[in-house]
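Single-structure report; data block below.
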Amino acid sequence: MQGPTFAAPRADAILLDFEGERRALAQYEAAGGWAQAKAATGRAFDEIVQELKDSGLRGRGGAGFPTGLKVSFIGKGDRFLVINADESEPGTFKDRELILRNPHALLEGCVILCNAIGAKATYIFIRGEYATEAEVLNAAIEESYAKGYLGKPLSGTSNAVDIYVHRGAGAYICGEETALLSALNGFRGQPTAKPPFPAVSGAWKSPTLLNNVETVATVPYILAMGAQTYQALRTEQTTGTRLMSLSGNVQRPGNYELPVTATYRDLIDGCGGGVAGGRTMKAFIPGGSSAPILMPDMLDTQIAVETTAAAGSMAGSGAVIVIDTRTCMVQFALRVADFYRHESCGKCTPCREGTRWMVELLKRVEAGEATMDEIDLLVELCDRIEGKCLCPLGDACAMPVRSYLKHFRAEFEAHIDAPACPAGPASPFGALYPSLRRTLPVVPA
Amino acid sequence: MSDSLHDAIQAEIAKYPDRRSAILAALRLAQAKYRWLSPEAFEEVSRCIDLPVAQCVAVASFYDMYFLEPVGEHVVEVCTNVSCALVGAADVVAAFEMELGCSLGSTSADGKVTLRPVECLGGCGWGPVVSIDHRYHEHFTADDVKPVVAGLRTSEGGH
Ligand SMILES: Cc1cc2nc3c(=O)[nH]c(=O)nc-3n(C[C@H](O)[C@H](O)[C@H](O)COP(=O)(O)O)c2cc1C
Ligand code: SF4
Ligand code: FES
C-alpha cells in the first residue's frame, strides 16, 4: 500500500517535464510560470484564438474537438470558463497526476483563457472522490490570490479573474459537458439536448467555455513555445504531446507524456515494459473503456486522434488498458456493460433500458444459461442503442461490447451450454463475480 | 452546533451566482456532520439553502457519494472496475469480506465498517485502489487488509 507513483519525465515532455511535484507557486515561477499570462494581457481575443488554431491543439477530454475553434464560438454576454476535472472514464488517471504535480499550469491556463474571452470566473468541476486533489488545487489557488495573479487584474487588462473549485459527488455522466453544467447549476447531473450549446447557454444560462484539465494546462506552454513550434510535432490532424494513462496487465503502468506521433507499441512496450509477468497480450483498449478493443496487430498505430480512428477505435481520453490472455472476454464485457448500466442517467430509453438488458444478457451468457440466439440478440441490442441516445453514453456502452463480440465471438459461443466459464479460475474477473453478482440488477422477464 | 454547518453552507453559497449551485457542497457538509443524509440532515440543508426537501433529495439520490441510509463509522470502497480487476481487485475484495465478516455492499456486525464496491476512482495505473473514508490508498494488496481493518476497528468514525 502506497500513494500514486509517478513515471520519470521523458525527453520530449512538455507538461510534465520534471521529476516529482511542483505544487509551490515559487517552483512554478522559477520554471517560467505565469510569464505567459502576463504577456498575453496585451493580446486581443482574435489573436489568442488564432494562436490556438495554429497550434492544432485538440481537446484532451475525449472528443478531440479543436480548442481554438471552440474558443471562437463563445457567445456574447457574461461569460464563464468551466474546467472539466471529472475524470471518470475507466482507465483514465492523467488529469489527477497533472493536478497533483503541476496545478499552477492549469490555473495559469485558466487566467489566459478568461482574459481572452473576458470571463471573470472559472469553476473547476472536480470529481467528488478527488478530495486530496481538490485540496491541492485550493492551496494553489490561495497562493495565487496572495501573489495577485487572481482576484485582481494583471497589468495590461482590467479583467480580474476568480477561480473556484466545485466538487462533484460521484457520477460518471457529469463528465459529459451538458450533464456537468446541470450539476454545476445545482440540478441532477443529467445531459440536456443541444442546442443550446454551452458556448451560448451553459453555467447559469450564460455563454460558457468548457475544457478539460489537460487541454487548458497546455495553453501556457503553447504560448511560451509558439504555435508553430508546438504544431511541428504532429501527425496529419493531431499535434503536440498527450498524457497517456497506461494500466492493466503491464509491467510498468503509469502516466506517460508522449508525442502524438508515438505508437501504442512505444507506450506499452517502450514505456510500460510490455505485458506483466512475461505473459501474452490478448488485446488492448486505446482510449478508455468506451473505446472499441484492438487486437495486438494494431500496436503500431499512432496514438493520434485520426490514426486511432482509422484503426477502428478512438483515442478518447488517452487511457490504454492492456489485457493478457487469462481474461475471459465475456466477464470483461459484463464488467464494462455493468459500469455503463450503473452510470446511465436514465433520461432516455435506449440507454436506460438497453444497458440493463445488455447486462442481463451478458449475465446469462457468463453463467452458461444463454442460448446461441442471445448472442445475436446482443448484437441487435447494440444496433438499437448506437446513435439513438441523447448523449454519447449509450454509444459508449454499445461500441465496446460490439467490438468484443466481433473479435471474441468464439469465446461467447463457448459459454453456451458450458457448465463453467471456459477461462476457469485464472480469469481475474471470475473471482469478482460471486461478490459483485448481488449488486447486479435483475430484469424481470 | 447547527450554526457551524449553516455558516459553512453560506460560505459555499457565496461562491456562486445562484445559491442552488451550492447544493452538492451543502449535502457533503451535512453528511460529514450526520454521517449519512438522514431526514434531519435534509431538513437542515433545505433550510440553509432555501430549496424544498424534495429537491434536495432529488439531487442527492442521483450521486454515489451521498449515503441515503445509515453506514458504518468508516467506509471502505474498493474499485472493482476493469483496470483494478485486471491486477487483483478480487483478492482485495475477498480479503475485506473475510476480515470484516460481511459481504460487499454491507456493514460489519459491530457497525464499524461499511464495505462497498465503487467504479473507477482514477488511479487505474496504481491499482488496486481502495478509498477509506474518502482518502485513496493505491497499490493495495490483500496483505494490507488485516492491519487496515484492525486500525479502523479501534478508531473513531472519520468520513
Ligand atoms: C459520458 C461522457 C463522459 C465524459 N467524461 C469526461 C471527463 O471525465 N473529463 C473530460 O474532460 N471530458 C469528458 N467528456 C467529454 C466532455 O463532454 C467534453 O467534450 C470535454 O470536457 C471538452 O473539453 P476538451 O475540448 O478540452 O476536451 C465526457 C463525455 C461523455 C459523453
Ligand atoms: S444516453 Fe444515457 S446517460 Fe445519456 S442522456 Fe440518455 S440515459 Fe442519460
Ligand atoms: S479501474 Fe480502479 S481506479 Fe480506475
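Just remember, in the C-alpha cells the first chain shown is A, the second B, etc., residues are 1-based per chain, and ligands are 1-based in the order shown.
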
Original post:
Using only C-alpha atoms, which chain B residues lie at most 9 Å away from chain A, written as number ranges by chain?
Top reply: B: 15-25, 28, 55, 58-66, 80-91, 93-94, 97, 103-105, 117, 119-127, 131, 134-141, 144

Subject >> Contacts with ligand 2 at most 8 Å, only C-alpha atoms and all ligand atoms counted, listed as a PyMOL selection string >> reply: chain A and resi 173+190-192+343-352+389-395

Subject >> All strand (DSSP E) positions in segment 119-202 of chain A, as a ChimeraX atom specification >> reply: /A:121-126,162-167

Could you write out the selected residues, including N, CA and C atoms, as a tab-separated table (two decimals), in the first residue's frame?
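Listing of again.tsv after writing:
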chain	number	residue	atom	x	y	z
A	121	ALA	N	-14.78	34.60	-14.01
A	121	ALA	CA	-14.67	33.47	-13.10
A	121	ALA	C	-14.49	32.15	-13.83
A	122	THR	N	-13.69	31.28	-13.18
A	122	THR	CA	-13.53	29.90	-13.62
A	122	THR	C	-14.07	29.00	-12.52
A	123	TYR	N	-14.82	27.99	-12.91
A	123	TYR	CA	-15.23	26.95	-11.97
A	123	TYR	C	-14.58	25.65	-12.39
A	124	ILE	N	-13.79	25.08	-11.49
A	124	ILE	CA	-13.14	23.80	-11.78
A	124	ILE	C	-14.04	22.71	-11.21
A	125	PHE	N	-14.70	21.98	-12.10
A	125	PHE	CA	-15.60	20.89	-11.66
A	125	PHE	C	-14.75	19.64	-11.50
A	126	ILE	N	-14.47	19.28	-10.24
A	126	ILE	CA	-13.60	18.13	-9.97
A	126	ILE	C	-14.43	17.01	-9.35
A	162	ASP	N	-11.46	35.23	-10.84
A	162	ASP	CA	-11.59	34.38	-9.66
A	162	ASP	C	-11.65	32.93	-10.11
A	163	ILE	N	-11.07	32.04	-9.30
A	163	ILE	CA	-11.16	30.61	-9.61
A	163	ILE	C	-11.75	29.88	-8.41
A	164	TYR	N	-12.78	29.07	-8.66
A	164	TYR	CA	-13.43	28.30	-7.59
A	164	TYR	C	-13.35	26.81	-7.91
A	165	VAL	N	-13.21	26.02	-6.86
A	165	VAL	CA	-13.25	24.57	-7.03
A	165	VAL	C	-14.65	24.10	-6.67
A	166	HIS	N	-15.29	23.40	-7.61
A	166	HIS	CA	-16.63	22.86	-7.38
A	166	HIS	C	-16.51	21.34	-7.37
A	167	ARG	N	-16.79	20.73	-6.22
A	167	ARG	CA	-16.64	19.28	-6.13
A	167	ARG	C	-17.92	18.55	-6.51

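Atom CA of Thr41 of chain A to atom CA of Arg79 of chain A spans 17.3 Å [interatomic distance, one decimal].
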
**OP:** Please provide the set of residues having any atom within 6 Å of Gly240 of chain A, restricted to only C-alpha atoms, with same-chain residues fewer than 3 positions apart removed, written as a list of chain:residue names.
**Re:** A:Tyr230, A:Gln231, A:Leu233, A:Pro259

Written selection (N, CA, C and O atoms) as a PDB file, in the first residue's frame:
ATOM      1  N   TYR A 230       4.958  24.269 -31.460  1.00  0.00           N
ATOM      2  CA  TYR A 230       4.123  23.213 -30.875  1.00  0.00           C
ATOM      3  C   TYR A 230       3.594  22.274 -31.957  1.00  0.00           C
ATOM      4  O   TYR A 230       3.666  21.053 -31.836  1.00  0.00           O
ATOM      5  N   GLN A 231       3.088  22.864 -33.034  1.00  0.00           N
ATOM      6  CA  GLN A 231       2.441  22.033 -34.042  1.00  0.00           C
ATOM      7  C   GLN A 231       3.427  21.280 -34.936  1.00  0.00           C
ATOM      8  O   GLN A 231       3.025  20.402 -35.697  1.00  0.00           O
ATOM      9  N   LEU A 233       5.401  19.166 -33.988  1.00  0.00           N
ATOM     10  CA  LEU A 233       5.334  17.785 -33.519  1.00  0.00           C
ATOM     11  C   LEU A 233       3.935  17.287 -33.860  1.00  0.00           C
ATOM     12  O   LEU A 233       2.977  17.580 -33.154  1.00  0.00           O
ATOM     13  N   PRO A 259       4.697  12.197 -27.518  1.00  0.00           N
ATOM     14  CA  PRO A 259       4.310  12.945 -28.714  1.00  0.00           C
ATOM     15  C   PRO A 259       3.232  12.153 -29.459  1.00  0.00           C
ATOM     16  O   PRO A 259       3.236  10.919 -29.416  1.00  0.00           O
TER      17      PRO A 259
END

Subject >> Close residues to ligand 1 using only C-alpha atoms and all ligand atoms, limit 8 Å, as an MDAnalysis selection string >> reply: chainID A and resid 58:67 70 83:89 172:178 210:216 317 391:393 396

**OP:** Rank nothing, just name the residue among B:Glu77, B:Asp143, B:Asp133, B:Asp110 nearest to ligand 3, using only C-alpha atoms and all ligand atoms.
**Re:**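 The closest residue to ligand 3 is B:Glu77.
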
Original post:
Counting only C-alpha atoms, what is within 10 Å of Ile132 of chain B, bar same-chain residues fewer than 6 positions away, as a list in words?
Top reply: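 Contacts, in chain order: His74, Val75, Val76, Glu77, Val78, Val113, Thr114, Leu115, Val148, Leu152, Gly158 and His159 of chain B.
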
Keeping only N, CA, C and O atoms, take the residues you just selected and write them out as a PDB file, in the first residue's frame.
ATOM      1  N   HIS B  74     -16.850   3.865   9.538  1.00  0.00           N
ATOM      2  CA  HIS B  74     -15.882   4.031   8.456  1.00  0.00           C
ATOM      3  C   HIS B  74     -16.453   3.436   7.178  1.00  0.00           C
ATOM      4  O   HIS B  74     -17.223   2.490   7.238  1.00  0.00           O
ATOM      5  N   VAL B  75     -16.027   3.994   6.060  1.00  0.00           N
ATOM      6  CA  VAL B  75     -16.483   3.452   4.782  1.00  0.00           C
ATOM      7  C   VAL B  75     -15.262   3.043   3.950  1.00  0.00           C
ATOM      8  O   VAL B  75     -14.357   3.857   3.719  1.00  0.00           O
ATOM      9  N   VAL B  76     -15.239   1.774   3.580  1.00  0.00           N
ATOM     10  CA  VAL B  76     -14.163   1.248   2.742  1.00  0.00           C
ATOM     11  C   VAL B  76     -14.739   0.989   1.354  1.00  0.00           C
ATOM     12  O   VAL B  76     -15.713   0.246   1.212  1.00  0.00           O
ATOM     13  N   GLU B  77     -14.149   1.621   0.353  1.00  0.00           N
ATOM     14  CA  GLU B  77     -14.654   1.485  -1.009  1.00  0.00           C
ATOM     15  C   GLU B  77     -13.559   0.874  -1.883  1.00  0.00           C
ATOM     16  O   GLU B  77     -12.459   1.425  -1.972  1.00  0.00           O
ATOM     17  N   VAL B  78     -13.879  -0.251  -2.494  1.00  0.00           N
ATOM     18  CA  VAL B  78     -12.900  -0.944  -3.329  1.00  0.00           C
ATOM     19  C   VAL B  78     -13.277  -0.749  -4.789  1.00  0.00           C
ATOM     20  O   VAL B  78     -14.411  -1.044  -5.188  1.00  0.00           O
ATOM     21  N   VAL B 113     -17.580  -0.754  10.111  1.00  0.00           N
ATOM     22  CA  VAL B 113     -17.097  -0.545   8.746  1.00  0.00           C
ATOM     23  C   VAL B 113     -18.120  -0.964   7.689  1.00  0.00           C
ATOM     24  O   VAL B 113     -18.639  -2.078   7.735  1.00  0.00           O
ATOM     25  N   THR B 114     -18.406  -0.060   6.781  1.00  0.00           N
ATOM     26  CA  THR B 114     -19.216  -0.404   5.606  1.00  0.00           C
ATOM     27  C   THR B 114     -18.262  -0.686   4.450  1.00  0.00           C
ATOM     28  O   THR B 114     -17.336   0.079   4.203  1.00  0.00           O
ATOM     29  N   LEU B 115     -18.493  -1.818   3.779  1.00  0.00           N
ATOM     30  CA  LEU B 115     -17.654  -2.217   2.649  1.00  0.00           C
ATOM     31  C   LEU B 115     -18.481  -2.096   1.384  1.00  0.00           C
ATOM     32  O   LEU B 115     -19.563  -2.674   1.302  1.00  0.00           O
ATOM     33  N   VAL B 148      -5.169  -2.767   8.190  1.00  0.00           N
ATOM     34  CA  VAL B 148      -6.068  -1.637   7.932  1.00  0.00           C
ATOM     35  C   VAL B 148      -7.373  -1.816   8.709  1.00  0.00           C
ATOM     36  O   VAL B 148      -7.850  -0.883   9.375  1.00  0.00           O
ATOM     37  N   LEU B 152      -9.083   0.423  11.740  1.00  0.00           N
ATOM     38  CA  LEU B 152     -10.424   1.010  11.658  1.00  0.00           C
ATOM     39  C   LEU B 152     -11.278   0.594  12.852  1.00  0.00           C
ATOM     40  O   LEU B 152     -12.064   1.390  13.372  1.00  0.00           O
ATOM     41  N   GLY B 158     -14.573   8.454  10.821  1.00  0.00           N
ATOM     42  CA  GLY B 158     -13.778   9.519  10.227  1.00  0.00           C
ATOM     43  C   GLY B 158     -14.189  10.014   8.855  1.00  0.00           C
ATOM     44  O   GLY B 158     -13.473  10.775   8.250  1.00  0.00           O
ATOM     45  N   HIS B 159     -15.317   9.580   8.320  1.00  0.00           N
ATOM     46  CA  HIS B 159     -15.603  10.031   6.959  1.00  0.00           C
ATOM     47  C   HIS B 159     -16.553  11.213   6.939  1.00  0.00           C
ATOM     48  O   HIS B 159     -17.149  11.549   7.956  1.00  0.00           O
TER      49      HIS B 159
END

**OP:** Could you jot down the atom CA of Arg10 of chain A to atom CA of Leu258 of chain A separation for me, Å, one decimal place?
**Re:** 7.9 Å

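The environment of Glu69 of chain B within 9 Å, counting only C-alpha atoms and disregarding residues fewer than 5 places along the same chain, consists of Trp36, Leu37 and Ser38 of chain B.
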
File of the preceding selection, N, CA, C and O atoms, as a PDB file, in the first residue's frame:
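Output below, filename selection-v2.pdb:
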ATOM      1  N   TRP B  36     -24.623  10.341   7.596  1.00  0.00           N
ATOM      2  CA  TRP B  36     -25.443   9.963   6.438  1.00  0.00           C
ATOM      3  C   TRP B  36     -26.504  11.029   6.268  1.00  0.00           C
ATOM      4  O   TRP B  36     -26.658  11.911   7.128  1.00  0.00           O
ATOM      5  N   LEU B  37     -27.227  10.996   5.143  1.00  0.00           N
ATOM      6  CA  LEU B  37     -28.217  12.044   4.909  1.00  0.00           C
ATOM      7  C   LEU B  37     -29.560  11.596   5.483  1.00  0.00           C
ATOM      8  O   LEU B  37     -30.434  11.095   4.787  1.00  0.00           O
ATOM      9  N   SER B  38     -29.679  11.795   6.757  1.00  0.00           N
ATOM     10  CA  SER B  38     -30.903  11.457   7.480  1.00  0.00           C
ATOM     11  C   SER B  38     -31.976  12.494   7.152  1.00  0.00           C
ATOM     12  O   SER B  38     -31.668  13.565   6.614  1.00  0.00           O
TER      13      SER B  38
END

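The spacing separating atom CA of Leu294 of chain A from atom CA of Met281 of chain A amounts to 10.9 Å.
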
Original post:
Any idea what's packed within 10 Å of Val200 of chain A, counting only C-alpha atoms, ignoring anything in its chain fewer than 6 positions away? Could you give it as a ChimeraX atom specification?
Top reply: /A:73-77,79,206-209

Subject >> Residue list (alpha helix (DSSP H), DSSP) for chain B, as JSON, numbers by chain >> reply: {"B": [2, 3, 4, 5, 6, 7, 8, 9, 10, 11, 12, 13, 23, 24, 25, 26, 27, 28, 29, 30, 31, 32, 33, 34, 39, 40, 41, 42, 43, 44, 45, 46, 47, 48, 49, 53, 54, 55, 56, 57, 58, 59, 60, 82, 83, 84, 85, 86, 89, 90, 91, 92, 93, 94, 95, 96, 97, 98, 99, 100, 142, 143, 144, 145, 146, 147, 148, 149, 150, 151, 152, 153]}

Subject >> Distance query segment 308-311 of chain A at most 9 Å, only C-alpha atoms, self and fewer than 6 positions along chain excluded, as a PyMOL selection string >> reply: chain A and resi 286-287+294+298+301-302
